[in-house]
Amino acid sequence: MGMTMTQKILAAHCGQETVKAGEFVEIDLDMVLGNDITTPVAIREFDKMGAKKVFDKEKIAIVLDHFSPNKDIKSAEQAKECRIFSNEYKIKHFYDVGQMGIEHALLPEKGIVVAGDTVIGADSHTCTYGALGAFSTGVGSTDMAAGMARGKVWIKIPSAIQVRLTGKPSSYVSGKDVILHLIGTIGVDGALYKSLEFTGEGVSALTMDDRFTIVNMVIEAGAKNGVFPVDNKTISYMTGRAEREWKIYEADRDAEYDETIEINLSELKLTVAFPHLPENIRIIDNVGDISIDQVVIGSCTNGRIDDMRVAAEILKGKKVHKSVRAIIIPATQEIYLQCIREGLTEIFIEAGAIVSTPTCGPCLGGYMGILAAGERVVSTTNRNFVGRMGHTASEIYLASPAIAAASAITGKISNPLIKEKQIDDSQR
Amino acid sequence: MIASGKVFKYGDNIDTDVIIPARYLNTANPKELAKYCMEDIDKSFVDKVREGDVIVAGKNFGCGSSREHAPIAIKASGISCVIASSYARIFYRNSFNIGLPIMESEEASEKIELNDDVSINFETGEIHNLTKNELYQAQPFPEFIQKIIEAGGLVGYVREELE
Ligand code: SF4
């Protein structure tokens, strides 16, 4: 019996020829990640372990992104703890204000994670790097501490669900629609413990940014990790960025999957997840008349350059509806700069949106756009749980940047495609 | 390593909020947390539980937030092992890491009833129902998971390794 792509990566990192689903192994780590919320807790555990040094100062990344630039005294104290630790242990990949970006956009961009890597991070969306053909998964702070001390983590080998993609997405249909559709199909615990392995000829029709968005949200289906095969697009993305050599793993031809789900990208429609679970999906045609108060375009899910470009394309020459606050947050400094160079920032500001420095900010209800009771947001983030972005009586609708930008103009959840006329009318 | 005790039985989807409600998360002290363990689903749990007792539940045990406080509260209340048909992923990791043994067995989860006496062998994965005189087989822990549990969790394990 053959191994899945995930199992191949894990086998190679635990020094075994083969591994089987359900087996426990310890794997060697290529990168251990923490942020300004989880790292301070991990530092305390690290000290309790009696660790005097880190396993490899080049294989730890600490990114201050959640409440950074610091929103209050408590978050400033936490950032300070991370700063002191990173200086003391000479952590190479420590990213503070000025260099930082949202961790899961930053690490691939800087070439700190590459194909074939094994990565753990004390943040549930660490799964994102599967888009590069790496194994990566979210863990608790104690795991991060042990990872920093030993360079290893214990893992129960997962079985996998194969997601076979065919066709090509139509206009404005993006990675966000693919993953919302998938979560809607299998449910928020549909992939519990398992890998989601994306395969099929449809993969080549997806940009790298689409793939990052898709794998970013596999945790919203309960998955341990998600993974895309490495193709020419992956290789050209990594070329010039990768700071280490990458390694390409492929699933065996006779790999066994628990089930196979087929998604024809050509048939996929623009999709919105209604409150309060990512599985509550509706295609845009069935959304109805929902007025909104705020739009957020950003986060580790949809704050990349593709996302900024599509938002700008829709907002160009238009105005944000007078009852909507539009908040746009490029995920990293590089994307932020690219927005300026390409003239996207000007389009956003002229439309009446605000453009912020990189931060998680409103995604987790931190700051930079908290919702009041009864308010509704169309957000390109990944979780729409009760109270995630503010008051427990506020509502979050998850969607792509295209839907979010169109909705910002009309003041209600809108299709960027067939509502051109409505968008024009709302400008009068 | 063998654990044995009386069974507390619960259903499916026992989430981290009923294991330890968020209103008690202003402390990470295990003894404090144990005072409120399972409070929102079983008010009598804290009074009845004895050192060594066992929790048996259905599927997706520990779903919800990633708080390490949940397995810490269960362990500090005296529970020696949790048996369920499945666990939410992060709870599963956190349990071993803080030193709470947990086992997965659909058969045991179905057949064991409230107040049964059970004994569990972590090395073989055998779960013995002493009341009904039945034997169920769960997957035994691999050697290093046993070592983590014996060391009282991942912190202790790494400390021993580094010494
Ligand atoms: S953007 Fe949101 S989901 Fe992503 S790392 Fe930040 S808080 Fe978490």
# chains A, B, ... in the order shown; residues from 1 in each chain; ligands from 1
>>> interface_residues(of="chain A", to="chain B", cutoff="8 Å", atoms="only C-alpha atoms", output="PyMOL selection string")
chain A and resi 24+45-46+48-51+139-140+142-143+146+149-150+192-193+222+224
>>> write_last_selection(atoms="N, CA, C and O atoms", output="PDB file, in the first residue's frame")
ATOM      1  N   PHE A  24       2.332   6.600  15.738  1.00  0.00           N
ATOM      2  CA  PHE A  24       2.928   7.790  16.353  1.00  0.00           C
ATOM      3  C   PHE A  24       4.411   7.837  16.014  1.00  0.00           C
ATOM      4  O   PHE A  24       5.103   6.837  16.156  1.00  0.00           O
ATOM      5  N   GLU A  45       7.158  28.006  29.314  1.00  0.00           N
ATOM      6  CA  GLU A  45       7.297  26.541  29.307  1.00  0.00           C
ATOM      7  C   GLU A  45       8.739  26.145  28.973  1.00  0.00           C
ATOM      8  O   GLU A  45       9.281  25.195  29.535  1.00  0.00           O
ATOM      9  N   PHE A  46       9.337  26.876  28.043  1.00  0.00           N
ATOM     10  CA  PHE A  46      10.729  26.648  27.633  1.00  0.00           C
ATOM     11  C   PHE A  46      11.649  26.760  28.863  1.00  0.00           C
ATOM     12  O   PHE A  46      12.507  25.911  29.095  1.00  0.00           O
ATOM     13  N   LYS A  48      10.675  26.430  32.023  1.00  0.00           N
ATOM     14  CA  LYS A  48      10.344  25.333  32.947  1.00  0.00           C
ATOM     15  C   LYS A  48      11.025  24.035  32.531  1.00  0.00           C
ATOM     16  O   LYS A  48      11.323  23.178  33.350  1.00  0.00           O
ATOM     17  N   MET A  49      11.229  23.874  31.229  1.00  0.00           N
ATOM     18  CA  MET A  49      11.897  22.672  30.731  1.00  0.00           C
ATOM     19  C   MET A  49      13.383  22.683  31.085  1.00  0.00           C
ATOM     20  O   MET A  49      14.070  21.694  30.877  1.00  0.00           O
ATOM     21  N   GLY A  50      13.854  23.819  31.552  1.00  0.00           N
ATOM     22  CA  GLY A  50      15.266  23.940  31.889  1.00  0.00           C
ATOM     23  C   GLY A  50      16.139  24.093  30.653  1.00  0.00           C
ATOM     24  O   GLY A  50      17.357  23.872  30.694  1.00  0.00           O
ATOM     25  N   ALA A  51      15.514  24.474  29.537  1.00  0.00           N
ATOM     26  CA  ALA A  51      16.289  24.616  28.292  1.00  0.00           C
ATOM     27  C   ALA A  51      17.213  25.822  28.408  1.00  0.00           C
ATOM     28  O   ALA A  51      16.815  26.874  28.905  1.00  0.00           O
ATOM     29  N   VAL A 139      -0.173  23.961  16.604  1.00  0.00           N
ATOM     30  CA  VAL A 139      -0.016  23.238  17.869  1.00  0.00           C
ATOM     31  C   VAL A 139      -0.236  24.207  19.034  1.00  0.00           C
ATOM     32  O   VAL A 139      -0.492  25.390  18.811  1.00  0.00           O
ATOM     33  N   GLY A 140      -0.110  23.708  20.271  1.00  0.00           N
ATOM     34  CA  GLY A 140      -0.205  24.572  21.450  1.00  0.00           C
ATOM     35  C   GLY A 140       1.157  25.160  21.812  1.00  0.00           C
ATOM     36  O   GLY A 140       2.186  24.808  21.227  1.00  0.00           O
ATOM     37  N   THR A 142       2.967  24.703  24.493  1.00  0.00           N
ATOM     38  CA  THR A 142       3.907  23.730  25.071  1.00  0.00           C
ATOM     39  C   THR A 142       4.666  22.996  23.969  1.00  0.00           C
ATOM     40  O   THR A 142       5.861  22.739  24.081  1.00  0.00           O
ATOM     41  N   ASP A 143       3.939  22.664  22.884  1.00  0.00           N
ATOM     42  CA  ASP A 143       4.597  22.036  21.734  1.00  0.00           C
ATOM     43  C   ASP A 143       5.640  22.967  21.117  1.00  0.00           C
ATOM     44  O   ASP A 143       6.715  22.541  20.710  1.00  0.00           O
ATOM     45  N   ALA A 146       8.730  22.930  23.322  1.00  0.00           N
ATOM     46  CA  ALA A 146       9.520  21.709  23.132  1.00  0.00           C
ATOM     47  C   ALA A 146      10.186  21.713  21.760  1.00  0.00           C
ATOM     48  O   ALA A 146      11.326  21.271  21.605  1.00  0.00           O
ATOM     49  N   ALA A 149      13.235  23.794  21.882  1.00  0.00           N
ATOM     50  CA  ALA A 149      14.311  23.176  22.661  1.00  0.00           C
ATOM     51  C   ALA A 149      14.928  21.973  21.936  1.00  0.00           C
ATOM     52  O   ALA A 149      16.127  21.777  21.992  1.00  0.00           O
ATOM     53  N   ARG A 150      14.093  21.183  21.267  1.00  0.00           N
ATOM     54  CA  ARG A 150      14.571  19.898  20.744  1.00  0.00           C
ATOM     55  C   ARG A 150      14.574  19.783  19.223  1.00  0.00           C
ATOM     56  O   ARG A 150      15.162  18.853  18.670  1.00  0.00           O
ATOM     57  N   LEU A 192     -11.458  15.918  10.422  1.00  0.00           N
ATOM     58  CA  LEU A 192     -10.818  15.797  11.734  1.00  0.00           C
ATOM     59  C   LEU A 192      -9.653  14.810  11.718  1.00  0.00           C
ATOM     60  O   LEU A 192      -9.828  13.670  11.267  1.00  0.00           O
ATOM     61  N   TYR A 193      -8.496  15.220  12.237  1.00  0.00           N
ATOM     62  CA  TYR A 193      -7.229  14.454  12.297  1.00  0.00           C
ATOM     63  C   TYR A 193      -6.567  14.268  10.929  1.00  0.00           C
ATOM     64  O   TYR A 193      -5.469  13.758  10.835  1.00  0.00           O
ATOM     65  N   GLY A 222     -11.376  21.113  10.328  1.00  0.00           N
ATOM     66  CA  GLY A 222     -10.815  20.223  11.347  1.00  0.00           C
ATOM     67  C   GLY A 222      -9.536  19.516  10.927  1.00  0.00           C
ATOM     68  O   GLY A 222      -8.988  18.731  11.697  1.00  0.00           O
ATOM     69  N   LYS A 224      -5.740  18.280  10.008  1.00  0.00           N
ATOM     70  CA  LYS A 224      -4.420  18.447  10.607  1.00  0.00           C
ATOM     71  C   LYS A 224      -3.540  19.267   9.671  1.00  0.00           C
ATOM     72  O   LYS A 224      -2.798  20.122  10.109  1.00  0.00           O
TER      73      LYS A 224
END
>>> residues_near_ligand(ligand="ligand 1", cutoff="7 Å", atoms="only C-alpha atoms and all ligand atoms", output="number ranges by chain")
A: 65-66, 102-104, 123, 125, 299-301, 360, 363-364, 381-382
>>> residues_around(residues="Gln294 of chain A", least_positions_apart="5", cutoff="6 Å", atoms="only C-alpha atoms", output="MDAnalysis selection string")
chainID A and resid 324:326 377
>>> residues_around(residues="Lys168 of chain A", least_positions_apart="4", cutoff="10 Å", atoms="only C-alpha atoms", output="number ranges by chain")
A: 173, 201-206, 264-268
>>> select_by_dssp(residues="segment 14-130 of chain B", states="helix (DSSP H, G or I)", output="PyMOL selection string")
chain B and resi 16-19+22-24+30-34+45-48+69-76+89-98+106-111
>>> write_last_selection(atoms="N, CA and C atoms", output="CSV table (one decimal), in the first residue's frame")
chain,number,residue,atom,x,y,z
B,16,THR,N,-14.6,22.1,25.2
B,16,THR,CA,-13.7,22.7,26.3
B,16,THR,C,-14.4,23.7,27.2
B,17,ASP,N,-15.5,24.2,26.7
B,17,ASP,CA,-16.3,25.2,27.5
B,17,ASP,C,-17.0,24.5,28.7
B,18,VAL,N,-17.5,23.2,28.5
B,18,VAL,CA,-18.1,22.6,29.6
B,18,VAL,C,-17.1,21.9,30.5
B,19,ILE,N,-15.9,21.5,29.9
B,19,ILE,CA,-14.9,20.9,30.7
B,19,ILE,C,-14.3,21.9,31.7
B,22,ALA,N,-15.0,29.3,30.4
B,22,ALA,CA,-14.1,30.4,30.2
B,22,ALA,C,-14.1,31.4,31.4
B,23,ARG,N,-15.2,31.4,32.2
B,23,ARG,CA,-15.2,32.4,33.3
B,23,ARG,C,-14.2,32.0,34.4
B,24,TYR,N,-13.6,30.8,34.3
B,24,TYR,CA,-12.6,30.4,35.3
B,24,TYR,C,-11.2,30.5,34.8
B,30,PRO,N,-3.7,24.4,38.5
B,30,PRO,CA,-4.4,23.2,38.3
B,30,PRO,C,-5.5,22.9,39.4
B,31,LYS,N,-5.1,23.1,40.7
B,31,LYS,CA,-6.0,22.8,41.8
B,31,LYS,C,-7.2,23.7,41.7
B,32,GLU,N,-7.0,25.0,41.4
B,32,GLU,CA,-8.1,25.9,41.3
B,32,GLU,C,-9.1,25.5,40.1
B,33,LEU,N,-8.5,25.1,39.0
B,33,LEU,CA,-9.3,24.7,37.8
B,33,LEU,C,-10.1,23.5,38.1
B,34,ALA,N,-9.5,22.6,38.9
B,34,ALA,CA,-10.1,21.3,39.2
B,34,ALA,C,-11.4,21.5,39.9
B,45,PHE,N,-19.9,16.1,39.6
B,45,PHE,CA,-18.6,15.5,39.3
B,45,PHE,C,-17.5,15.8,40.3
B,46,VAL,N,-17.4,17.0,40.6
B,46,VAL,CA,-16.3,17.5,41.5
B,46,VAL,C,-16.4,16.8,42.9
B,47,ASP,N,-17.6,16.6,43.4
B,47,ASP,CA,-17.8,16.0,44.7
B,47,ASP,C,-17.6,14.5,44.7
B,48,LYS,N,-17.9,13.9,43.6
B,48,LYS,CA,-17.9,12.4,43.5
B,48,LYS,C,-16.5,11.8,43.1
B,69,HIS,N,-6.0,24.6,29.5
B,69,HIS,CA,-6.6,24.5,30.8
B,69,HIS,C,-7.6,23.3,30.9
B,70,ALA,N,-8.2,22.8,29.8
B,70,ALA,CA,-9.2,21.8,29.8
B,70,ALA,C,-8.6,20.4,30.3
B,71,PRO,N,-7.6,19.9,29.6
B,71,PRO,CA,-7.0,18.7,30.1
B,71,PRO,C,-6.3,18.9,31.5
B,72,ILE,N,-5.8,20.1,31.8
B,72,ILE,CA,-5.2,20.3,33.1
B,72,ILE,C,-6.2,20.2,34.2
B,73,ALA,N,-7.5,20.7,34.0
B,73,ALA,CA,-8.5,20.6,35.0
B,73,ALA,C,-8.9,19.1,35.2
B,74,ILE,N,-9.0,18.4,34.1
B,74,ILE,CA,-9.4,17.0,34.2
B,74,ILE,C,-8.4,16.2,35.0
B,75,LYS,N,-7.1,16.4,34.7
B,75,LYS,CA,-6.0,15.7,35.3
B,75,LYS,C,-6.0,16.1,36.8
B,76,ALA,N,-6.1,17.3,37.1
B,76,ALA,CA,-6.0,17.8,38.5
B,76,ALA,C,-7.2,17.3,39.3
B,89,ARG,N,-8.6,17.5,17.6
B,89,ARG,CA,-7.2,17.4,17.4
B,89,ARG,C,-6.3,18.1,18.4
B,90,ILE,N,-6.6,19.3,18.7
B,90,ILE,CA,-5.7,20.1,19.6
B,90,ILE,C,-5.8,19.6,21.0
B,91,PHE,N,-7.0,19.2,21.5
B,91,PHE,CA,-7.2,18.7,22.8
B,91,PHE,C,-6.4,17.4,23.0
B,92,TYR,N,-6.4,16.6,21.9
B,92,TYR,CA,-5.7,15.3,21.9
B,92,TYR,C,-4.2,15.6,22.2
B,93,ARG,N,-3.6,16.5,21.4
B,93,ARG,CA,-2.2,16.8,21.6
B,93,ARG,C,-1.9,17.4,23.0
B,94,ASN,N,-2.8,18.4,23.4
B,94,ASN,CA,-2.6,19.1,24.7
B,94,ASN,C,-2.6,18.1,25.8
B,95,SER,N,-3.5,17.0,25.7
B,95,SER,CA,-3.6,16.1,26.8
B,95,SER,C,-2.3,15.3,27.1
B,96,PHE,N,-1.8,14.8,26.0
B,96,PHE,CA,-0.5,14.1,26.2
B,96,PHE,C,0.6,15.1,26.7
B,97,ASN,N,0.6,16.3,26.1
B,97,ASN,CA,1.6,17.2,26.5
B,97,ASN,C,1.6,17.7,27.9
B,98,ILE,N,0.3,17.7,28.5
B,98,ILE,CA,0.3,18.1,29.9
B,98,ILE,C,0.2,16.9,30.8
B,106,GLU,N,-13.8,2.9,20.1
B,106,GLU,CA,-15.3,3.0,19.9
B,106,GLU,C,-16.0,2.0,20.7
B,107,GLU,N,-15.5,0.8,20.8
B,107,GLU,CA,-16.2,-0.3,21.5
B,107,GLU,C,-16.3,0.0,23.0
B,108,ALA,N,-15.1,0.4,23.5
B,108,ALA,CA,-15.2,0.8,25.0
B,108,ALA,C,-16.1,1.9,25.2
B,109,SER,N,-16.1,2.9,24.3
B,109,SER,CA,-17.0,4.1,24.5
B,109,SER,C,-18.4,3.7,24.5
B,110,GLU,N,-18.8,2.7,23.7
B,110,GLU,CA,-20.2,2.2,23.6
B,110,GLU,C,-20.6,1.4,24.8
B,111,LYS,N,-19.7,0.4,25.1
B,111,LYS,CA,-20.1,-0.6,26.1
B,111,LYS,C,-20.0,-0.3,27.6
